[in-house]
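Everything below belongs to entry.tsv, which stores TSV, N, CA and C atoms.
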chain	number	residue	atom	x	y	z
W	1	MET	N	52.29	0.95	-70.81
W	1	MET	CA	51.08	0.35	-71.32
W	1	MET	C	49.92	1.31	-71.08
W	2	GLU	N	49.46	1.92	-72.11
W	2	GLU	CA	48.37	2.87	-71.99
W	2	GLU	C	47.17	2.38	-72.80
W	3	HIS	N	46.29	1.71	-72.13
W	3	HIS	CA	45.04	1.27	-72.75
W	3	HIS	C	43.92	1.98	-72.02
W	4	GLN	N	43.24	2.86	-72.70
W	4	GLN	CA	42.17	3.63	-72.08
W	4	GLN	C	40.85	2.89	-72.26
W	5	VAL	N	40.55	2.02	-71.31
W	5	VAL	CA	39.27	1.32	-71.32
W	5	VAL	C	38.49	1.75	-70.10
W	6	GLN	N	37.18	1.82	-70.25
W	6	GLN	CA	36.33	2.33	-69.18
W	6	GLN	C	35.53	1.25	-68.47
W	7	ASN	N	35.44	0.06	-69.08
W	7	ASN	CA	34.64	-0.99	-68.45
W	7	ASN	C	35.13	-2.36	-68.90
W	8	SER	N	34.54	-3.38	-68.32
W	8	SER	CA	34.96	-4.76	-68.59
W	8	SER	C	34.75	-5.16	-70.05
W	9	ARG	N	33.65	-4.72	-70.64
W	9	ARG	CA	33.38	-5.09	-72.03
W	9	ARG	C	34.44	-4.54	-72.98
W	10	GLN	N	34.82	-3.29	-72.79
W	10	GLN	CA	35.86	-2.69	-73.63
W	10	GLN	C	37.19	-3.42	-73.44
W	11	LEU	N	37.49	-3.78	-72.21
W	11	LEU	CA	38.74	-4.47	-71.94
W	11	LEU	C	38.77	-5.84	-72.60
W	12	LEU	N	37.68	-6.58	-72.53
W	12	LEU	CA	37.63	-7.90	-73.16
W	12	LEU	C	37.66	-7.78	-74.68
W	13	GLU	N	37.07	-6.72	-75.22
W	13	GLU	CA	37.14	-6.48	-76.66
W	13	GLU	C	38.59	-6.20	-77.06
W	14	LEU	N	39.28	-5.40	-76.27
W	14	LEU	CA	40.69	-5.11	-76.53
W	14	LEU	C	41.53	-6.38	-76.48
W	15	SER	N	41.27	-7.23	-75.50
W	15	SER	CA	42.04	-8.47	-75.39
W	15	SER	C	41.77	-9.36	-76.60
W	16	GLY	N	40.54	-9.36	-77.10
W	16	GLY	CA	40.22	-10.14	-78.30
W	16	GLY	C	40.90	-9.57	-79.53
W	17	ASN	N	40.94	-8.25	-79.64
W	17	ASN	CA	41.60	-7.60	-80.77
W	17	ASN	C	43.09	-7.89	-80.80
W	18	GLN	N	43.69	-8.01	-79.63
W	18	GLN	CA	45.13	-8.27	-79.54
W	18	GLN	C	45.43	-9.77	-79.42
W	19	GLU	N	44.41	-10.59	-79.60
W	19	GLU	CA	44.52	-12.04	-79.53
W	19	GLU	C	45.10	-12.51	-78.19
W	20	LEU	N	44.67	-11.87	-77.12
W	20	LEU	CA	45.13	-12.22	-75.78
W	20	LEU	C	44.00	-12.76	-74.91
W	21	TYR	N	42.82	-12.93	-75.48
W	21	TYR	CA	41.65	-13.35	-74.70
W	21	TYR	C	41.87	-14.72	-74.06
W	22	ASP	N	42.39	-15.68	-74.82
W	22	ASP	CA	42.62	-17.02	-74.28
W	22	ASP	C	43.64	-16.99	-73.15
W	23	ARG	N	44.66	-16.19	-73.31
W	23	ARG	CA	45.67	-16.07	-72.25
W	23	ARG	C	45.09	-15.40	-71.01
W	24	LEU	N	44.20	-14.45	-71.23
W	24	LEU	CA	43.52	-13.79	-70.11
W	24	LEU	C	42.69	-14.80	-69.33
W	25	LEU	N	41.98	-15.66	-70.04
W	25	LEU	CA	41.19	-16.70	-69.37
W	25	LEU	C	42.09	-17.62	-68.55
W	26	LEU	N	43.22	-18.02	-69.12
W	26	LEU	CA	44.15	-18.89	-68.40
W	26	LEU	C	44.71	-18.21	-67.16
W	27	GLN	N	45.02	-16.93	-67.28
W	27	GLN	CA	45.55	-16.18	-66.13
W	27	GLN	C	44.50	-16.06	-65.03
W	28	LEU	N	43.26	-15.80	-65.40
W	28	LEU	CA	42.18	-15.74	-64.41
W	28	LEU	C	42.02	-17.08	-63.70
W	29	GLU	N	42.00	-18.16	-64.48
W	29	GLU	CA	41.86	-19.49	-63.88
W	29	GLU	C	43.02	-19.78	-62.94
W	30	LYS	N	44.22	-19.43	-63.37
W	30	LYS	CA	45.42	-19.70	-62.56
W	30	LYS	C	45.36	-18.96	-61.23
W	31	ASP	N	45.07	-17.67	-61.27
W	31	ASP	CA	45.09	-16.87	-60.04
W	31	ASP	C	43.95	-17.24	-59.09
W	32	PHE	N	42.78	-17.51	-59.63
W	32	PHE	CA	41.68	-17.94	-58.75
W	32	PHE	C	41.98	-19.31	-58.15
W	33	ALA	N	42.62	-20.19	-58.91
W	33	ALA	CA	42.99	-21.51	-58.37
W	33	ALA	C	44.03	-21.36	-57.27
W	34	LEU	N	44.97	-20.44	-57.44
W	34	LEU	CA	45.97	-20.18	-56.40
W	34	LEU	C	45.32	-19.72	-55.10
W	35	ALA	N	44.19	-19.05	-55.23
W	35	ALA	CA	43.46	-18.57	-54.05
W	35	ALA	C	42.48	-19.62	-53.52
W	36	ASN	N	42.56	-20.83	-54.07
W	36	ASN	CA	41.64	-21.92	-53.69
W	36	ASN	C	40.18	-21.57	-53.92
W	37	ASN	N	39.92	-20.82	-54.97
W	37	ASN	CA	38.57	-20.46	-55.39
W	37	ASN	C	38.46	-20.61	-56.90
W	38	PRO	N	38.40	-21.84	-57.39
W	38	PRO	CA	38.37	-22.03	-58.85
W	38	PRO	C	37.23	-21.27	-59.50
W	39	LEU	N	37.51	-20.73	-60.66
W	39	LEU	CA	36.53	-19.90	-61.37
W	39	LEU	C	35.58	-20.74	-62.22
W	40	ASN	N	35.98	-21.94	-62.60
W	40	ASN	CA	35.14	-22.85	-63.38
W	40	ASN	C	34.63	-22.22	-64.67
W	41	ILE	N	35.56	-21.82	-65.52
W	41	ILE	CA	35.21	-21.29	-66.83
W	41	ILE	C	35.83	-22.19	-67.89
W	42	THR	N	35.24	-22.19	-69.07
W	42	THR	CA	35.77	-22.98	-70.17
W	42	THR	C	36.49	-22.06	-71.14
W	43	SER	N	37.31	-22.65	-71.99
W	43	SER	CA	38.10	-21.84	-72.92
W	43	SER	C	37.24	-21.20	-74.01
W	44	ASP	N	36.01	-21.67	-74.19
W	44	ASP	CA	35.15	-21.10	-75.23
W	44	ASP	C	34.09	-20.15	-74.66
W	45	ILE	N	34.27	-19.70	-73.44
W	45	ILE	CA	33.30	-18.80	-72.81
W	45	ILE	C	33.31	-17.45	-73.53
W	46	LYS	N	32.14	-16.92	-73.76
W	46	LYS	CA	32.00	-15.60	-74.40
W	46	LYS	C	32.26	-14.51	-73.36
W	47	SER	N	32.64	-13.34	-73.83
W	47	SER	CA	33.02	-12.25	-72.93
W	47	SER	C	31.88	-11.84	-72.00
W	48	GLU	N	30.65	-11.78	-72.51
W	48	GLU	CA	29.52	-11.39	-71.65
W	48	GLU	C	29.30	-12.40	-70.53
W	49	GLU	N	29.45	-13.67	-70.86
W	49	GLU	CA	29.27	-14.73	-69.86
W	49	GLU	C	30.42	-14.68	-68.84
W	50	LEU	N	31.62	-14.38	-69.31
W	50	LEU	CA	32.77	-14.27	-68.40
W	50	LEU	C	32.54	-13.17	-67.38
W	51	ILE	N	32.06	-12.03	-67.84
W	51	ILE	CA	31.78	-10.92	-66.92
W	51	ILE	C	30.75	-11.35	-65.89
W	52	LYS	N	29.70	-12.01	-66.35
W	52	LYS	CA	28.64	-12.46	-65.45
W	52	LYS	C	29.19	-13.42	-64.40
W	53	VAL	N	29.97	-14.41	-64.82
W	53	VAL	CA	30.54	-15.40	-63.89
W	53	VAL	C	31.46	-14.72	-62.89
W	54	LEU	N	32.29	-13.79	-63.38
W	54	LEU	CA	33.23	-13.10	-62.51
W	54	LEU	C	32.52	-12.23	-61.48
W	55	VAL	N	31.51	-11.49	-61.91
W	55	VAL	CA	30.75	-10.64	-60.99
W	55	VAL	C	30.05	-11.49	-59.93
W	56	GLU	N	29.46	-12.59	-60.36
W	56	GLU	CA	28.78	-13.47	-59.40
W	56	GLU	C	29.76	-14.06	-58.38
W	57	LYS	N	30.94	-14.46	-58.85
W	57	LYS	CA	31.96	-15.03	-57.96
W	57	LYS	C	32.42	-13.98	-56.95
W	58	ILE	N	32.68	-12.78	-57.42
W	58	ILE	CA	33.13	-11.71	-56.53
W	58	ILE	C	32.04	-11.36	-55.52
W	59	TYR	N	30.81	-11.28	-55.99
W	59	TYR	CA	29.69	-10.98	-55.08
W	59	TYR	C	29.59	-12.03	-53.99
W	60	PHE	N	29.66	-13.31	-54.37
W	60	PHE	CA	29.58	-14.39	-53.40
W	60	PHE	C	30.72	-14.30	-52.38
W	61	LEU	N	31.93	-14.07	-52.87
W	61	LEU	CA	33.07	-13.98	-51.95
W	61	LEU	C	32.95	-12.78	-51.03
W	62	MET	N	32.50	-11.65	-51.55
W	62	MET	CA	32.34	-10.46	-50.72
W	62	MET	C	31.31	-10.68	-49.62
W	63	MET	N	30.22	-11.31	-49.97
W	63	MET	CA	29.11	-11.45	-49.03
W	63	MET	C	29.26	-12.64	-48.08
W	64	GLU	N	29.85	-13.73	-48.54
W	64	GLU	CA	29.88	-14.97	-47.77
W	64	GLU	C	31.26	-15.34	-47.22
W	65	ARG	N	32.31	-14.97	-47.95
W	65	ARG	CA	33.66	-15.39	-47.57
W	65	ARG	C	34.63	-14.23	-47.79
W	66	PHE	N	34.50	-13.23	-46.96
W	66	PHE	CA	35.25	-11.99	-47.17
W	66	PHE	C	36.77	-12.20	-47.09
W	67	SER	N	37.23	-13.05	-46.19
W	67	SER	CA	38.68	-13.28	-46.09
W	67	SER	C	39.21	-13.93	-47.37
W	68	GLU	N	38.43	-14.80	-47.98
W	68	GLU	CA	38.83	-15.41	-49.25
W	68	GLU	C	38.81	-14.38	-50.38
W	69	TYR	N	37.87	-13.46	-50.32
W	69	TYR	CA	37.80	-12.36	-51.29
W	69	TYR	C	39.08	-11.52	-51.22
W	70	LEU	N	39.50	-11.19	-49.99
W	70	LEU	CA	40.73	-10.42	-49.83
W	70	LEU	C	41.94	-11.20	-50.32
W	71	ASN	N	41.93	-12.51	-50.12
W	71	ASN	CA	43.02	-13.35	-50.60
W	71	ASN	C	43.10	-13.33	-52.13
W	72	VAL	N	41.96	-13.37	-52.79
W	72	VAL	CA	41.93	-13.29	-54.25
W	72	VAL	C	42.53	-11.97	-54.71
W	73	LEU	N	42.13	-10.88	-54.07
W	73	LEU	CA	42.67	-9.56	-54.45
W	73	LEU	C	44.18	-9.51	-54.24
W	74	TYR	N	44.66	-10.14	-53.17
W	74	TYR	CA	46.09	-10.16	-52.88
W	74	TYR	C	46.84	-10.96	-53.95
W	75	ILE	N	46.32	-12.13	-54.29
W	75	ILE	CA	46.99	-12.99	-55.27
W	75	ILE	C	46.99	-12.34	-56.65
W	76	ILE	N	45.89	-11.72	-57.03
W	76	ILE	CA	45.82	-11.06	-58.33
W	76	ILE	C	46.65	-9.79	-58.33
W	77	ASP	N	46.89	-9.25	-57.15
W	77	ASP	CA	47.71	-8.05	-56.97
W	77	ASP	C	46.98	-6.78	-57.39
W	78	ILE	N	45.79	-6.62	-56.84
W	78	ILE	CA	45.03	-5.38	-57.05
W	78	ILE	C	45.56	-4.35	-56.06
W	79	PRO	N	46.10	-3.24	-56.54
W	79	PRO	CA	46.62	-2.22	-55.62
W	79	PRO	C	45.50	-1.63	-54.76
W	80	GLU	N	45.79	-1.44	-53.50
W	80	GLU	CA	44.79	-0.92	-52.56
W	80	GLU	C	44.26	0.44	-53.02
W	81	ARG	N	45.12	1.25	-53.59
W	81	ARG	CA	44.69	2.58	-54.03
W	81	ARG	C	43.63	2.49	-55.13
W	82	GLU	N	43.63	1.38	-55.89
W	82	GLU	CA	42.63	1.20	-56.94
W	82	GLU	C	41.24	0.97	-56.37
W	83	PHE	N	41.14	0.06	-55.40
W	83	PHE	CA	39.79	-0.22	-54.91
W	83	PHE	C	39.33	0.75	-53.85
W	84	GLN	N	40.18	1.66	-53.43
W	84	GLN	CA	39.74	2.73	-52.53
W	84	GLN	C	38.90	3.77	-53.28
W	85	HIS	N	39.04	3.81	-54.60
W	85	HIS	CA	38.31	4.79	-55.40
W	85	HIS	C	36.97	4.28	-55.89
W	86	ILE	N	36.60	3.08	-55.51
W	86	ILE	CA	35.31	2.53	-55.93
W	86	ILE	C	34.19	3.25	-55.19
W	87	GLU	N	33.19	3.65	-55.97
W	87	GLU	CA	32.03	4.31	-55.38
W	87	GLU	C	31.12	3.24	-54.78
W	88	VAL	N	30.92	3.32	-53.49
W	88	VAL	CA	30.09	2.33	-52.81
W	88	VAL	C	28.62	2.70	-52.99
W	89	THR	N	27.92	1.89	-53.74
W	89	THR	CA	26.49	2.08	-53.92
W	89	THR	C	25.77	0.87	-53.33
W	90	ASP	N	25.95	-0.27	-53.94
W	90	ASP	CA	25.45	-1.52	-53.37
W	90	ASP	C	26.43	-2.63	-53.73
W	91	ALA	N	26.25	-3.79	-53.14
W	91	ALA	CA	27.20	-4.88	-53.29
W	91	ALA	C	27.31	-5.36	-54.74
W	92	VAL	N	26.21	-5.35	-55.46
W	92	VAL	CA	26.23	-5.80	-56.86
W	92	VAL	C	27.06	-4.84	-57.70
W	93	GLU	N	26.86	-3.55	-57.51
W	93	GLU	CA	27.62	-2.54	-58.25
W	93	GLU	C	29.11	-2.62	-57.91
W	94	VAL	N	29.42	-2.79	-56.65
W	94	VAL	CA	30.82	-2.92	-56.22
W	94	VAL	C	31.43	-4.16	-56.86
W	95	SER	N	30.68	-5.24	-56.93
W	95	SER	CA	31.16	-6.48	-57.55
W	95	SER	C	31.52	-6.24	-59.02
W	96	GLY	N	30.69	-5.49	-59.71
W	96	GLY	CA	30.96	-5.16	-61.11
W	96	GLY	C	32.21	-4.32	-61.27
W	97	GLN	N	32.39	-3.35	-60.37
W	97	GLN	CA	33.57	-2.50	-60.43
W	97	GLN	C	34.83	-3.30	-60.08
W	98	MET	N	34.72	-4.21	-59.12
W	98	MET	CA	35.86	-5.05	-58.76
W	98	MET	C	36.20	-6.02	-59.88
W	99	ALA	N	35.19	-6.52	-60.58
W	99	ALA	CA	35.44	-7.41	-61.72
W	99	ALA	C	36.26	-6.67	-62.77
W	100	PHE	N	35.94	-5.41	-63.00
W	100	PHE	CA	36.71	-4.61	-63.96
W	100	PHE	C	38.15	-4.45	-63.50
W	101	LEU	N	38.37	-4.15	-62.21
W	101	LEU	CA	39.73	-4.00	-61.71
W	101	LEU	C	40.51	-5.31	-61.84
W	102	ILE	N	39.86	-6.42	-61.57
W	102	ILE	CA	40.51	-7.73	-61.69
W	102	ILE	C	40.86	-8.00	-63.15
W	103	LEU	N	39.92	-7.79	-64.04
W	103	LEU	CA	40.20	-8.00	-65.46
W	103	LEU	C	41.31	-7.09	-65.96
W	104	LYS	N	41.29	-5.85	-65.50
W	104	LYS	CA	42.32	-4.89	-65.92
W	104	LYS	C	43.70	-5.34	-65.47
W	105	ARG	N	43.82	-5.79	-64.23
W	105	ARG	CA	45.12	-6.24	-63.72
W	105	ARG	C	45.56	-7.52	-64.41
W	106	GLU	N	44.64	-8.45	-64.62
W	106	GLU	CA	44.99	-9.70	-65.30
W	106	GLU	C	45.39	-9.43	-66.75
W	107	PHE	N	44.71	-8.51	-67.42
W	107	PHE	CA	45.08	-8.16	-68.78
W	107	PHE	C	46.47	-7.54	-68.81
W	108	GLN	N	46.75	-6.70	-67.82
W	108	GLN	CA	48.08	-6.09	-67.75
W	108	GLN	C	49.16	-7.16	-67.65
W	109	LYS	N	48.95	-8.17	-66.81
W	109	LYS	CA	49.91	-9.27	-66.69
W	109	LYS	C	50.11	-9.98	-68.02
W	110	VAL	N	49.00	-10.32	-68.67
W	110	VAL	CA	49.05	-11.05	-69.94
W	110	VAL	C	49.72	-10.20	-71.02
W	111	TRP	N	49.37	-8.94	-71.09
W	111	TRP	CA	49.92	-8.04	-72.10
W	111	TRP	C	51.44	-7.90	-71.93
W	112	LEU	N	51.87	-7.74	-70.67
W	112	LEU	CA	53.31	-7.59	-70.41
W	112	LEU	C	54.07	-8.88	-70.74
W	113	LYS	N	53.52	-10.02	-70.37
W	113	LYS	CA	54.17	-11.30	-70.70
W	113	LYS	C	54.28	-11.46	-72.21
W	114	ASN	N	53.24	-11.08	-72.92
W	114	ASN	CA	53.25	-11.20	-74.38
W	114	ASN	C	54.25	-10.23	-75.01
W	115	LYS	N	54.33	-9.05	-74.49
W	115	LYS	CA	55.23	-8.04	-75.06
W	115	LYS	C	56.70	-8.40	-74.85
W	116	TYR	N	57.03	-8.96	-73.71
W	116	TYR	CA	58.43	-9.21	-73.38
W	116	TYR	C	58.84	-10.67	-73.46
W	117	LYS	N	58.07	-11.48	-74.20
W	117	LYS	CA	58.47	-12.89	-74.33
W	117	LYS	C	59.51	-13.08	-75.41
Let me see whether you can do it: turn the structure in this file into structure tokens.
Amino acid sequence: MEHQVQNSRQLLELSGNQELYDRLLLQLEKDFALANNPLNITSDIKSEELIKVLVEKIYFLMMERFSEYLNVLYIIDIPEREFQHIEVTDAVEVSGQMAFLILKREFQKVWLKNKYK
């Protein structure tokens, strides 16, 4: 699976082009619910709003509930080597970069399930 996307917007556009956006939303809801941190998104949420909600959720977890943040990363299965390469500037920027990693991993799951069903 070689999808060269550089940010969350490109990734969500790609998921929309491949008609996987709804499945991506379901996967996000499922994994956040497994971590006991519901994402509270609707099926008609626009991509820009999804990014905003995800960044805010990650920021809150990082700042207020770090152990739950780590649990979310574990459940979503973000490889440690991925988030070790994040440039630490400030918490908001890190939240945005982590949102991209989460979306990328969730899209990978959805894409693979769709390809091999």
Shell of 10 Å around stretch 90-92 of chain W, only C-alpha atoms, local chain residues under 4 positions omitted, as a PyMOL selection string: chain W and resi 55-56+58-60+62-63+96-98
Return the padded bounding box of stretch 61-73 of chain W as JSON: axis-aligned, built from all atoms listed in the file, 6 Å added on each side, with centre and edge lengths in Å to one decimal.
{"center_x": 36.6, "center_y": -12.5, "center_z": -50.4, "size_x": 27.1, "size_y": 17.9, "size_z": 20.6}
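In terms of minimum interatomic distance to W:Leu20, W:Lys109 ranks closest within W:Lys109, W:Val53, W:Tyr116, W:Gln84, counting only C-alpha atoms.
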So which one's closest to W:Asn71, W:Asn114, W:Asn36, W:Thr42, W:Ser47? Using only N, CA and C atoms, please.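 The answer is W:Asn36, which sits nearest to W:Asn71.
Close contacts of W:Lys104, defined as residues with an atom at most 10 Å away when counting only C-alpha atoms, with chain neighbours fewer than 4 positions off set aside, comprise His3, Val5, Gln6, Asn7, Ser8, Leu11, Leu12, Leu24, Ile78, Met98, Ala99, Phe100, Gln108, Lys109 and Val110 of chain W.
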Which residue, W:Tyr69, W:Pro38, W:Arg9, W:Glu106, has the smallest gap to W:Ile51 when you use only N, CA and C atoms?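 The answer is W:Arg9, which sits nearest to W:Ile51.
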Just to confirm, what's the straight-line distance from atom C of W:Lys52 to atom CA of W:Asn37 in Å (one decimal)? 14.8 Å
Closest of W:Glu13, W:Glu82, W:Gln18, W:Gln4 to W:Glu48 - atom-to-atom distances counting only C-alpha atoms: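 Among the listed residues, W:Glu13 lies closest to W:Glu48.
In this structure, atom CA of W:Val94 sits 13.7 Å away from atom CA of W:Leu73.
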Between atom C of W:Ala35 and atom N of W:Val72, what is the distance in Å, rounded to a tenth?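 Between these atoms lies a distance of 6.3 Å.
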Secondary structure check, helix (DSSP H, G or I) residues of stretch 29-112 of chain W, as a PyMOL selection string: chain W and resi 29-34+47-64+66-76+80-83+91-112
